[in-house]
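*Asks:* Sending over run_14.tsv (TSV, C-alpha atoms and all ligand atoms).
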```tsv
chain	number	residue	atom	x	y	z
A	1	MET	CA	90.86	-62.57	6.10
A	2	GLU	CA	87.12	-62.09	5.92
A	3	VAL	CA	84.67	-64.89	6.69
A	4	ARG	CA	81.15	-64.67	5.31
A	5	ALA	CA	78.37	-67.03	6.41
A	6	ARG	CA	74.73	-66.98	5.42
A	7	ALA	CA	71.67	-68.75	6.80
A	8	PRO	CA	68.07	-68.87	5.55
A	9	GLY	CA	64.78	-67.87	7.11
A	10	LYS	CA	61.88	-70.32	7.34
A	11	ILE	CA	58.16	-70.87	7.21
A	12	ILE	CA	56.31	-73.11	9.67
A	13	LEU	CA	53.64	-75.15	7.88
A	14	ALA	CA	52.22	-76.57	11.11
A	15	GLY	CA	52.92	-76.68	14.82
A	16	GLU	CA	54.28	-73.29	15.95
A	17	HIS	CA	53.89	-72.62	19.68
A	18	ALA	CA	52.71	-76.19	20.34
A	19	VAL	CA	56.27	-77.28	19.42
A	20	VAL	CA	57.56	-75.34	22.45
A	21	HIS	CA	55.34	-77.63	24.57
A	22	GLY	CA	56.54	-80.89	23.00
A	23	SER	CA	54.27	-81.28	19.93
A	24	ALA	CA	55.61	-82.02	16.46
A	25	ALA	CA	55.95	-79.17	13.95
A	26	VAL	CA	56.86	-78.95	10.25
A	27	ALA	CA	59.07	-76.18	8.85
A	28	ALA	CA	60.84	-75.41	5.58
A	29	ALA	CA	63.77	-73.12	4.76
A	30	ILE	CA	63.06	-70.27	2.33
A	31	ASP	CA	65.45	-68.51	-0.01
A	32	LEU	CA	65.74	-65.29	1.98
A	33	TYR	CA	69.00	-65.07	3.91
A	34	THR	CA	70.86	-63.28	6.67
A	35	THR	CA	74.59	-62.87	5.98
A	36	SER	CA	77.24	-62.19	8.62
A	37	SER	CA	80.71	-61.05	7.46
A	38	LEU	CA	83.50	-61.05	10.02
A	39	ARG	CA	86.99	-59.58	9.83
A	40	LEU	CA	89.32	-60.16	12.77
A	41	LEU	CA	91.70	-57.29	13.44
A	42	PRO	CA	95.24	-57.69	14.80
A	43	GLU	CA	95.61	-57.39	18.59
A	44	GLU	CA	97.32	-54.12	19.46
A	45	GLU	CA	100.86	-54.28	20.90
A	46	ASP	CA	99.66	-53.41	24.41
A	47	GLY	CA	96.97	-56.10	24.15
A	48	GLY	CA	94.35	-53.68	25.43
A	49	ALA	CA	93.27	-51.48	22.53
A	50	GLY	CA	90.87	-52.35	19.72
A	51	ALA	CA	87.16	-52.92	19.71
A	52	VAL	CA	84.44	-55.37	18.76
A	53	GLU	CA	82.18	-53.71	16.20
A	54	LEU	CA	78.76	-54.72	14.88
A	55	ASP	CA	77.48	-52.99	11.77
A	56	LEU	CA	73.76	-53.63	11.13
A	57	ARG	CA	73.66	-52.47	7.52
A	58	ASP	CA	69.89	-52.65	7.01
A	59	SER	CA	69.21	-50.45	10.04
A	60	ALA	CA	72.22	-48.19	9.26
A	61	LEU	CA	73.39	-48.63	12.86
A	62	VAL	CA	76.93	-49.39	14.07
A	63	PHE	CA	77.70	-50.53	17.63
A	64	SER	CA	81.13	-50.77	19.17
A	65	TRP	CA	82.60	-52.06	22.46
A	66	PRO	CA	86.26	-51.42	23.38
A	67	CYS	CA	87.95	-54.76	24.15
A	68	SER	CA	89.12	-53.33	27.50
A	69	ARG	CA	85.46	-52.68	28.46
A	70	LEU	CA	84.46	-56.21	27.44
A	71	ARG	CA	87.31	-57.67	29.54
A	72	GLY	CA	86.29	-55.49	32.50
A	73	ALA	CA	82.67	-56.68	32.31
A	74	LEU	CA	83.08	-60.31	31.29
A	75	GLY	CA	86.56	-61.21	32.55
A	76	GLU	CA	89.56	-62.45	30.60
A	77	LEU	CA	87.79	-64.74	28.11
A	78	SER	CA	89.96	-66.95	25.95
A	79	GLY	CA	87.17	-68.10	23.63
A	80	LYS	CA	85.85	-71.62	23.29
A	81	ALA	CA	85.28	-73.55	20.13
A	82	GLY	CA	83.70	-76.74	21.56
A	83	ALA	CA	80.10	-77.31	22.58
A	84	PRO	CA	78.53	-74.22	24.18
A	85	ALA	CA	77.58	-73.73	27.79
A	86	PRO	CA	74.27	-71.89	28.33
A	87	CYS	CA	74.68	-68.20	29.09
A	88	SER	CA	74.66	-67.89	32.91
A	89	PRO	CA	72.35	-65.30	34.56
A	90	ASP	CA	75.51	-63.42	35.72
A	91	LYS	CA	76.88	-63.23	32.20
A	92	LEU	CA	73.49	-62.17	30.87
A	93	ALA	CA	73.37	-59.37	33.45
A	94	ALA	CA	76.92	-58.28	32.53
A	95	ILE	CA	75.94	-58.26	28.83
A	96	ALA	CA	72.84	-56.18	29.63
A	97	LYS	CA	75.10	-53.60	31.29
A	98	LEU	CA	77.21	-53.50	28.13
A	99	MET	CA	74.12	-52.16	26.30
A	100	GLU	CA	74.39	-48.99	28.37
A	101	GLY	CA	75.87	-46.18	26.35
A	102	GLN	CA	74.95	-47.82	23.01
A	103	GLU	CA	72.72	-45.50	21.04
A	104	ILE	CA	69.76	-47.69	20.16
A	105	PRO	CA	66.89	-45.60	18.75
A	106	GLU	CA	63.70	-45.94	20.85
A	107	ALA	CA	61.79	-47.22	17.80
A	108	LYS	CA	64.33	-50.05	17.42
A	109	ILE	CA	64.79	-50.95	21.06
A	110	TRP	CA	63.99	-54.59	20.21
A	111	LEU	CA	67.44	-54.75	18.58
A	112	SER	CA	69.00	-54.96	22.06
A	113	ALA	CA	68.06	-58.68	22.25
A	114	GLY	CA	69.98	-59.29	19.00
A	115	LEU	CA	72.94	-57.24	20.27
A	116	SER	CA	73.02	-59.31	23.49
A	117	ALA	CA	72.98	-62.55	21.50
A	118	PHE	CA	75.81	-61.17	19.36
A	119	LEU	CA	77.96	-60.26	22.37
A	120	TYR	CA	77.35	-63.64	23.98
A	121	LEU	CA	78.27	-65.55	20.78
A	122	TYR	CA	81.25	-63.36	19.91
A	123	THR	CA	82.92	-63.26	23.32
A	124	SER	CA	82.16	-66.92	24.09
A	125	ILE	CA	83.65	-68.17	20.81
A	126	LEU	CA	86.45	-65.67	20.14
A	127	GLY	CA	87.07	-64.09	23.54
A	128	CYS	CA	87.64	-60.33	23.52
A	129	ARG	CA	89.59	-60.17	20.24
A	130	PRO	CA	89.02	-57.06	18.14
A	131	GLY	CA	86.97	-57.55	15.00
A	132	LYS	CA	84.34	-56.02	12.72
A	133	THR	CA	81.11	-57.82	11.84
A	134	VAL	CA	78.66	-56.66	9.19
A	135	VAL	CA	75.13	-58.12	9.06
A	136	ILE	CA	72.85	-57.84	6.03
A	137	SER	CA	69.47	-59.54	5.79
A	138	ASP	CA	66.75	-60.15	3.20
A	139	LEU	CA	64.34	-61.06	6.00
A	140	PRO	CA	61.80	-58.77	7.65
A	141	ILE	CA	62.71	-58.61	11.35
A	142	GLY	CA	60.10	-59.78	13.85
A	143	ALA	CA	57.63	-61.01	11.22
A	144	GLY	CA	57.59	-64.77	11.79
A	145	LEU	CA	60.12	-65.74	9.11
A	146	GLY	CA	62.82	-66.66	11.61
A	147	SER	CA	65.11	-63.61	11.35
A	148	SER	CA	66.35	-64.22	14.92
A	149	ALA	CA	67.42	-67.77	14.09
A	150	ALA	CA	69.01	-66.80	10.75
A	151	PHE	CA	70.93	-64.06	12.62
A	152	CYS	CA	72.20	-66.54	15.26
A	153	VAL	CA	73.02	-69.29	12.73
A	154	SER	CA	74.92	-67.05	10.30
A	155	MET	CA	76.75	-65.38	13.20
A	156	SER	CA	77.69	-68.71	14.81
A	157	GLY	CA	78.85	-70.00	11.41
A	158	ALA	CA	81.09	-66.99	10.83
A	159	LEU	CA	82.52	-66.94	14.38
A	160	LEU	CA	83.19	-70.69	14.53
A	161	THR	CA	84.86	-70.59	11.10
A	162	ALA	CA	87.06	-67.65	12.16
A	163	SER	CA	88.03	-69.55	15.32
A	164	GLY	CA	89.06	-72.55	13.20
A	165	ALA	CA	86.52	-74.84	14.90
A	166	VAL	CA	84.55	-75.55	11.72
A	167	GLY	CA	85.00	-75.24	7.97
A	168	THR	CA	86.80	-77.24	5.35
A	169	GLY	CA	89.52	-74.69	4.58
A	170	ARG	CA	89.13	-75.69	0.91
A	171	GLY	CA	89.05	-73.31	-2.02
A	172	SER	CA	89.98	-70.01	-0.42
A	173	GLY	CA	88.88	-67.18	-2.64
A	174	ALA	CA	86.21	-69.36	-4.30
A	175	GLU	CA	83.10	-67.42	-5.23
A	176	GLU	CA	80.70	-70.24	-4.38
A	177	TRP	CA	79.23	-70.84	-0.94
A	178	GLN	CA	80.79	-73.86	0.72
A	179	LEU	CA	78.64	-76.27	2.69
A	180	PHE	CA	79.63	-77.42	6.18
A	181	GLY	CA	79.81	-81.13	7.02
A	182	LYS	CA	77.32	-82.71	9.44
A	183	ASP	CA	79.46	-82.35	12.60
A	184	ASP	CA	80.19	-78.72	11.82
A	185	LEU	CA	76.48	-78.06	11.27
A	186	GLU	CA	75.68	-79.71	14.61
A	187	LEU	CA	78.11	-77.38	16.39
A	188	VAL	CA	76.80	-74.27	14.60
A	189	ASN	CA	73.25	-75.31	15.50
A	190	GLN	CA	74.10	-75.75	19.21
A	191	TRP	CA	75.63	-72.28	19.44
A	192	ALA	CA	72.78	-70.71	17.47
A	193	PHE	CA	70.27	-72.29	19.86
A	194	GLN	CA	72.00	-70.59	22.80
A	195	GLY	CA	71.74	-67.28	20.90
A	196	GLU	CA	68.03	-67.90	20.23
A	197	LYS	CA	67.53	-68.50	23.96
A	198	ILE	CA	68.77	-64.98	24.64
A	199	ILE	CA	66.39	-63.51	22.04
A	200	HIS	CA	63.32	-65.76	22.60
A	201	GLY	CA	63.52	-66.87	26.21
A	202	LYS	CA	62.19	-70.37	25.59
A	203	PRO	CA	62.71	-71.43	21.96
A	204	SER	CA	61.86	-74.95	20.83
A	205	GLY	CA	64.93	-75.06	18.57
A	206	ILE	CA	62.94	-75.58	15.35
A	207	ASP	CA	63.93	-72.24	13.80
A	208	ASN	CA	67.71	-72.57	14.32
A	209	SER	CA	67.54	-76.25	13.21
A	210	VAL	CA	65.77	-75.59	9.90
A	211	SER	CA	68.00	-72.56	9.29
A	212	THR	CA	71.13	-74.67	9.91
A	213	PHE	CA	70.17	-77.88	8.11
A	214	GLY	CA	67.89	-76.38	5.43
A	215	SER	CA	65.24	-78.24	3.43
A	216	MET	CA	61.92	-79.32	5.02
A	217	ILE	CA	61.93	-80.87	8.49
A	218	LYS	CA	59.67	-82.37	11.10
A	219	PHE	CA	60.81	-81.35	14.58
A	220	LYS	CA	59.67	-82.76	17.90
A	221	LYS	CA	61.34	-82.43	21.33
A	222	GLY	CA	64.70	-81.55	19.78
A	223	GLU	CA	64.56	-84.49	17.31
A	224	LEU	CA	64.79	-83.58	13.65
A	225	THR	CA	63.53	-85.68	10.72
A	226	ASN	CA	64.34	-84.60	7.17
A	227	LEU	CA	61.28	-84.72	4.93
A	228	ARG	CA	61.83	-85.65	1.32
A	229	SER	CA	59.65	-83.39	-0.74
A	230	ARG	CA	59.19	-83.56	-4.48
A	231	ASN	CA	56.85	-81.12	-6.27
A	232	PRO	CA	57.31	-78.47	-3.60
A	233	VAL	CA	54.13	-76.73	-2.49
A	234	LYS	CA	53.73	-73.09	-3.45
A	235	MET	CA	53.03	-70.63	-0.66
A	236	LEU	CA	52.22	-66.96	-0.91
A	237	ILE	CA	53.68	-65.06	2.05
A	238	THR	CA	51.81	-61.92	3.10
A	239	ASP	CA	53.50	-59.64	5.61
A	240	THR	CA	50.79	-57.84	7.62
A	241	ARG	CA	53.54	-55.42	8.72
A	242	VAL	CA	52.10	-55.53	12.22
A	243	GLY	CA	55.16	-55.74	14.45
A	244	ARG	CA	55.27	-58.25	17.28
A	245	ASN	CA	57.74	-60.03	19.48
A	246	THR	CA	58.18	-63.79	19.64
A	247	LYS	CA	59.37	-63.79	23.26
A	248	ALA	CA	56.18	-62.07	24.49
A	249	LEU	CA	53.88	-64.29	22.39
A	250	VAL	CA	55.57	-67.53	23.54
A	251	ALA	CA	55.29	-66.34	27.16
A	252	GLY	CA	51.59	-65.49	26.59
A	253	VAL	CA	50.83	-69.04	25.39
A	254	SER	CA	52.66	-70.51	28.41
A	255	GLU	CA	50.60	-68.32	30.74
A	256	ARG	CA	47.37	-69.47	29.07
A	257	ALA	CA	48.61	-73.08	29.40
A	258	SER	CA	49.18	-72.63	33.13
A	259	ARG	CA	45.67	-71.13	33.55
A	260	HIS	CA	43.96	-73.91	31.55
A	261	PRO	CA	46.31	-76.91	31.59
A	262	ASP	CA	43.83	-79.58	30.45
A	263	ALA	CA	42.29	-77.53	27.65
A	264	THR	CA	45.66	-76.40	26.27
A	265	ALA	CA	47.08	-79.94	26.53
A	266	SER	CA	44.24	-81.07	24.22
A	267	VAL	CA	44.98	-78.21	21.82
A	268	PHE	CA	48.72	-79.09	21.73
A	269	ASN	CA	47.81	-82.73	21.24
A	270	ALA	CA	45.57	-81.87	18.27
A	271	VAL	CA	48.36	-79.76	16.75
A	272	ASN	CA	50.72	-82.71	17.17
A	273	SER	CA	48.34	-84.92	15.13
A	274	ILE	CA	48.07	-82.24	12.44
A	275	SER	CA	51.87	-81.96	12.11
A	276	GLU	CA	52.30	-85.74	12.05
A	277	GLU	CA	49.64	-86.09	9.33
A	278	LEU	CA	51.05	-83.19	7.33
A	279	SER	CA	54.56	-84.64	7.38
A	280	SER	CA	53.35	-88.07	6.28
A	281	ILE	CA	51.43	-86.50	3.38
A	282	VAL	CA	54.60	-84.69	2.26
A	283	GLU	CA	56.53	-87.98	2.39
A	284	LEU	CA	53.83	-89.97	0.56
A	285	ALA	CA	53.70	-87.33	-2.17
A	286	ALA	CA	57.51	-87.58	-2.53
A	287	GLU	CA	57.03	-91.29	-3.28
A	288	ASP	CA	54.20	-90.55	-5.73
A	289	GLU	CA	51.77	-92.42	-3.50
A	290	ILE	CA	49.19	-89.66	-3.60
A	291	ALA	CA	48.29	-87.26	-6.42
A	292	ILE	CA	49.46	-83.66	-6.14
A	293	THR	CA	45.90	-82.28	-6.02
A	294	SER	CA	44.89	-84.66	-3.25
A	295	LYS	CA	48.05	-83.71	-1.36
A	296	GLU	CA	47.22	-80.02	-1.64
A	297	ASP	CA	43.59	-80.52	-0.59
A	298	LYS	CA	44.76	-82.34	2.54
A	299	LEU	CA	47.46	-79.76	3.30
A	300	ALA	CA	44.92	-76.95	2.94
A	301	GLU	CA	42.50	-78.62	5.34
A	302	LEU	CA	45.25	-79.27	7.91
A	303	MET	CA	46.48	-75.67	7.66
A	304	GLU	CA	42.93	-74.43	8.21
A	305	MET	CA	42.57	-76.64	11.31
A	306	ASN	CA	45.96	-75.50	12.64
A	307	GLN	CA	44.95	-71.85	12.22
A	308	GLY	CA	41.83	-72.50	14.31
A	309	LEU	CA	43.97	-73.98	17.08
A	310	LEU	CA	46.38	-71.04	16.95
A	311	GLN	CA	43.33	-68.83	17.54
A	312	CYS	CA	42.60	-71.01	20.62
A	313	MET	CA	46.13	-70.25	21.84
A	314	GLY	CA	45.43	-66.51	21.50
A	315	VAL	CA	48.11	-65.71	18.93
A	316	SER	CA	46.03	-64.60	15.94
A	317	HIS	CA	45.42	-60.90	15.22
A	318	SER	CA	42.86	-58.81	13.33
A	319	SER	CA	45.45	-58.18	10.57
A	320	ILE	CA	45.89	-61.95	10.18
A	321	GLU	CA	42.11	-62.48	10.13
A	322	THR	CA	41.85	-59.91	7.32
A	323	VAL	CA	44.31	-61.91	5.19
A	324	LEU	CA	42.39	-65.13	5.98
A	325	ARG	CA	39.08	-63.58	4.89
A	326	THR	CA	40.58	-62.03	1.75
A	327	SER	CA	42.19	-65.26	0.59
A	328	LEU	CA	39.00	-67.22	1.35
A	329	LYS	CA	37.15	-65.01	-1.17
A	330	TYR	CA	39.33	-66.78	-3.78
A	331	SER	CA	38.83	-70.19	-2.10
A	332	LEU	CA	42.41	-70.13	-0.83
A	333	VAL	CA	43.40	-71.31	2.62
A	334	SER	CA	45.79	-69.39	4.86
A	335	LYS	CA	47.38	-69.67	8.29
A	336	LEU	CA	49.74	-67.51	10.31
A	337	THR	CA	53.37	-68.61	10.38
A	338	GLY	CA	55.84	-68.19	13.23
A	339	ALA	CA	54.75	-66.62	16.48
A	340	GLY	CA	51.68	-64.75	15.10
A	341	GLY	CA	50.26	-61.61	16.73
A	342	GLY	CA	50.80	-59.89	13.34
A	343	GLY	CA	53.77	-60.82	11.16
A	344	CYS	CA	53.41	-63.10	8.14
A	345	VAL	CA	50.59	-65.27	6.83
A	346	LEU	CA	50.96	-68.26	4.48
A	347	THR	CA	48.48	-68.91	1.69
A	348	LEU	CA	48.62	-72.25	-0.10
A	349	ILE	CA	48.61	-71.73	-3.87
A	350	PRO	CA	47.28	-74.89	-5.54
A	351	THR	CA	48.89	-76.28	-8.66
A	352	PRO	CA	46.70	-75.32	-11.64
A	353	SER	CA	44.89	-78.39	-12.92
A	354	LEU	CA	43.01	-79.15	-16.09
A	355	ILE	CA	39.44	-80.27	-15.33
A	356	ILE	CA	37.64	-81.95	-18.21
A	357	SER	CA	34.01	-82.97	-18.11
A	358	ILE	CA	32.98	-85.33	-20.89
A	359	GLY	CA	29.53	-85.98	-22.29
A	360	GLN	CA	27.66	-82.87	-21.10
A	361	HIS	CA	28.24	-79.56	-22.85
A	362	SER	CA	30.57	-78.77	-25.72
A	363	PHE	CA	34.30	-79.32	-25.03
A	364	GLY	CA	34.99	-75.58	-25.15
A	365	GLU	CA	32.62	-74.92	-22.28
A	366	SER	CA	33.60	-77.78	-20.02
A	367	CYS	CA	37.39	-77.55	-20.09
A	368	HIS	CA	38.85	-74.95	-17.80
A	369	ARG	CA	41.93	-74.33	-15.71
A	370	ALA	CA	41.30	-74.27	-11.99
B	401	LIG	N1	69.62	-58.69	11.25
B	401	LIG	C1	69.44	-58.56	12.57
B	401	LIG	N2	70.18	-57.68	13.28
B	401	LIG	C2	70.02	-57.56	14.62
B	401	LIG	N3	69.11	-58.21	15.34
B	401	LIG	C3	68.33	-59.10	14.69
B	401	LIG	C4	68.45	-59.30	13.28
B	401	LIG	N4	67.54	-60.20	12.91
B	401	LIG	C5	66.87	-60.55	14.05
B	401	LIG	N5	67.34	-59.89	15.11
B	401	LIG	C6	66.87	-60.00	16.51
B	401	LIG	O1	65.77	-60.89	16.51
B	401	LIG	C7	64.57	-60.23	16.94
B	401	LIG	C8	63.40	-60.68	16.12
B	401	LIG	O2	63.16	-62.02	16.43
B	401	LIG	P1	61.72	-62.60	16.66
B	401	LIG	O3	60.91	-61.74	17.55
B	401	LIG	O4	61.94	-64.00	17.07
B	401	LIG	O5	61.05	-62.56	15.20
B	401	LIG	P2	61.48	-63.37	13.88
B	401	LIG	O6	62.49	-64.38	14.28
B	401	LIG	O7	60.21	-64.01	13.43
B	401	LIG	O8	61.94	-62.37	12.90
B	401	LIG	C9	64.85	-58.75	16.75
B	401	LIG	O9	64.09	-57.99	17.68
B	401	LIG	C10	66.34	-58.64	17.02
B	401	LIG	O10	66.61	-58.55	18.40
B	402	LIG	C1	56.41	-69.63	18.13
B	402	LIG	C2	57.59	-70.51	17.75
B	402	LIG	O1	57.09	-71.85	17.58
B	402	LIG	C3	58.20	-70.07	16.40
B	402	LIG	C4	58.66	-68.64	16.42
B	402	LIG	O2	59.12	-68.25	15.14
B	402	LIG	P1	59.45	-66.71	14.83
B	402	LIG	O3	60.48	-66.25	15.79
B	402	LIG	O4	58.17	-65.94	14.97
B	402	LIG	O5	59.99	-66.70	13.41
B	402	LIG	C5	58.61	-70.49	18.87
B	402	LIG	C6	59.62	-71.63	18.84
B	402	LIG	O6	59.32	-72.73	18.34
B	402	LIG	O7	60.72	-71.43	19.36
B	403	MG	MG	62.48	-65.65	15.99
```
Mind converting the file's structure to structure tokens?

*Replies:*
Amino acid sequence: MEVRARAPGKIILAGEHAVVHGSAAVAAAIDLYTTSSLRLLPEEEDGGAGAVELDLRDSALVFSWPCSRLRGALGELSGKAGAPAPCSPDKLAAIAKLMEGQEIPEAKIWLSAGLSAFLYLYTSILGCRPGKTVVISDLPIGAGLGSSAAFCVSMSGALLTASGAVGTGRGSGAEEWQLFGKDDLELVNQWAFQGEKIIHGKPSGIDNSVSTFGSMIKFKKGELTNLRSRNPVKMLITDTRVGRNTKALVAGVSERASRHPDATASVFNAVNSISEELSSIVELAAEDEIAITSKEDKLAELMEMNQGLLQCMGVSHSSIETVLRTSLKYSLVSKLTGAGGGGCVLTLIPTPSLIISIGQHSFGESCHRA
């Protein structure tokens, strides 16, 4: 049997980086997905043969570990379907050794973090059973749209379903995607967070949470609030195509925070207020308590303020500044999304509105679409 699980990427409307230090942040799932397909293979008679294979279709790279080698490095793992234990430093070191001999091209060396997360999730959930996993993604990798979280969430979903720990078991062969129940999602999210820790070092948990639960969320200190949002805002996403690495950027902000604790605490505090205000505007708009144009004006101003504070944290980049300047020529507001340092930039696209001025010029002159 093959299990296929998919999980979406995300945009962060406010609060990246500061969220790692306890501030609120607001994120929304986007309709670009990572899909993990898993096929378990029968154990060989002697119990020792077979391999765990990972096929990264988009990179055209296939990695394989004989089960005997995995058992030698990690011990006789039986697999565990309950709540995860964090990956111990010993296990992490053993996994790092398992990267030796894998042919990772120098230009894609960053994939080794994803491979380590895969080995941790696979062997922890299923033990050293042979199987083939294929990963396909719509998301640019390392561009701020949460590819690492979508990878960990889809992988955890597929592995936990194959282990029998989650999933409804309904409608086998159905073409439609089935949705997990709340408890199943909680478990998938916990495992995915452990995977993110291997890739990011110190993730806040916002990316795996929005990828698991979808929709738009406010996230603060591990607490998630679903935001009802009618009339969704339109965002243009520009990929600067400047590669960067979330782990290094998050570590850079922490170093700046330890050099200037009072100044950065004020910056994180200001970001917290921006995220809180932004989430309440989204909620008020869902209840029709403010007009769409007023909502967008406020969102634009908050995004602009958040971008300024991200510059204070040292995570902007000349490529991001170029997008900001270009969009400003058209009176559009932009901010980086995700870890910054390159990657993607969001531009708020306002809803076109009809502006009518009465009693001045002729109607034809004074009615225009903004
Ligand atoms: N489809 C994938 N296959 C393998 N590794 C992946 C995949 N998607 C993400 N990763 C891992 O996640 C890392 C990128 O994560 P990160 O730096 O957090 O950027 P982002 O999450 O914004 O894309 C990659 O370097 C890789 O290790
Ligand atoms: C910078 C951060 O706030 C978001 C990182 O997102 P991404 O990996 O760049 O998509 C880190 C985190 O919250 O874990
Ligand atoms: Mg990431």

*Asks:* Which residues of segment 3-113 of chain A come within 8 Å of segment 272-283 of chain A, and for each one, what is the closest pair of atoms and their distance in Å to one decimal, counting only C-alpha atoms, sorted by chain and residue number, as a tab-separated table?

*Replies:*
```
residue	atom	partner	partner_atom	distance
A:Ala14	CA	A:Ser275	CA	5.5
A:Gly15	CA	A:Ser275	CA	6.0
A:Ala18	CA	A:Asn272	CA	7.5
A:Ser23	CA	A:Asn272	CA	4.7
A:Ala24	CA	A:Asn272	CA	5.0
A:Ala25	CA	A:Ser275	CA	5.3
A:Val26	CA	A:Ser275	CA	6.1
```

*Asks:* Write a file of the just-selected residues containing C-alpha atoms, as an mmCIF file, in the frame of the given file.

*Replies:*
```cif
data_model
loop_
_atom_site.group_PDB
_atom_site.id
_atom_site.type_symbol
_atom_site.label_atom_id
_atom_site.label_comp_id
_atom_site.auth_asym_id
_atom_site.auth_seq_id
_atom_site.Cartn_x
_atom_site.Cartn_y
_atom_site.Cartn_z
ATOM 1 C CA ALA A 14 52.220 -76.570 11.110
ATOM 2 C CA GLY A 15 52.920 -76.680 14.820
ATOM 3 C CA ALA A 18 52.710 -76.190 20.340
ATOM 4 C CA SER A 23 54.270 -81.280 19.930
ATOM 5 C CA ALA A 24 55.610 -82.020 16.460
ATOM 6 C CA ALA A 25 55.950 -79.170 13.950
ATOM 7 C CA VAL A 26 56.860 -78.950 10.250
#
```

*Asks:* One number please: atom CA of Ser36 of chain A to atom CA of Gly214 of chain A, in Å, one decimal.

*Replies:*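 Between atom CA of Ser36 of chain A and atom CA of Gly214 of chain A the gap works out to 17.3 Å.
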
*Asks:* Work out how far apart atom CA of Gly343 of chain A and atom CA of Leu324 of chain A are and give it in Å to one decimal.

*Replies:*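 According to the coordinates, atom CA of Gly343 of chain A and atom CA of Leu324 of chain A are separated by 13.2 Å.
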
*Asks:* Need the neighbours of (54.2, -63.0, 22.7): which residues are at most 10 Å away, counting all atoms listed in the file, as a list of chain:residue names?

*Replies:*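 Those residues lying close to the given coordinates are A:His200, A:Arg244, A:Asn245, A:Thr246, A:Lys247, A:Ala248, A:Leu249, A:Val250, A:Ala251, A:Gly252, A:Val253, A:Ser254, A:Gly314, A:Val315, A:Ala339, A:Gly340, A:Gly341.
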
*Asks:* Compute the set of protein, DNA and RNA residues whose minimum atom distance to ligand MG 403 (chain B) is at most 8 Å, using only C-alpha atoms and all ligand atoms, and state it as a ChimeraX atom specification.

*Replies:* /A:142,144-149,196,199-200,207,246,338-339

*Asks:* In Å, how far is it from atom CA of Leu70 of chain A to atom CA of Thr123 of chain A?

*Replies:*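 Interatomic distance, atom CA of Leu70 of chain A to atom CA of Thr123 of chain A: 8.3 Å.
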
*Asks:* Report as lines of an AutoDock Vina configuration file the centre and the edge lengths, in Å to one decimal, of the axis-aligned box holding every listed atom of segment 182-190 of chain A, padded by 8 Å on each side.

*Replies:*
```
center_x = 76.7
center_y = -78.5
center_z = 14.3
size_x = 22.9
size_y = 24.4
size_z = 25.8
```

*Asks:* Within 9 Å of (85.9, -74.2, 16.6), only C-alpha atoms: residues as a PyMOL selection string?

*Replies:* chain A and resi 80-83+125+159-167+184+187

*Asks:* Under the rule that all atoms listed in the file are counted, which of A:Gly181, A:Lys218, A:Thr337, A:Asn306 is the nearest residue to Asn269 of chain A?

*Replies:*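 For Asn269 of chain A, the nearest of the given residues is A:Asn306.
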
*Asks:* Could you tell me which of A:Arg69, A:Arg256, A:Lys108, A:Arg129 comes closest to ligand LIG 401 (chain B) if we count all atoms listed in the file?

*Replies:*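 So, comparing all the options, the nearest one is A:Lys108.
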
*Asks:* Pick out the closest residue to His260 of chain A from this set: A:Cys312, A:Glu2, A:Ile109, A:Thr351. Count only C-alpha atoms.

*Replies:*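 So, comparing all the options, the nearest one is A:Cys312.
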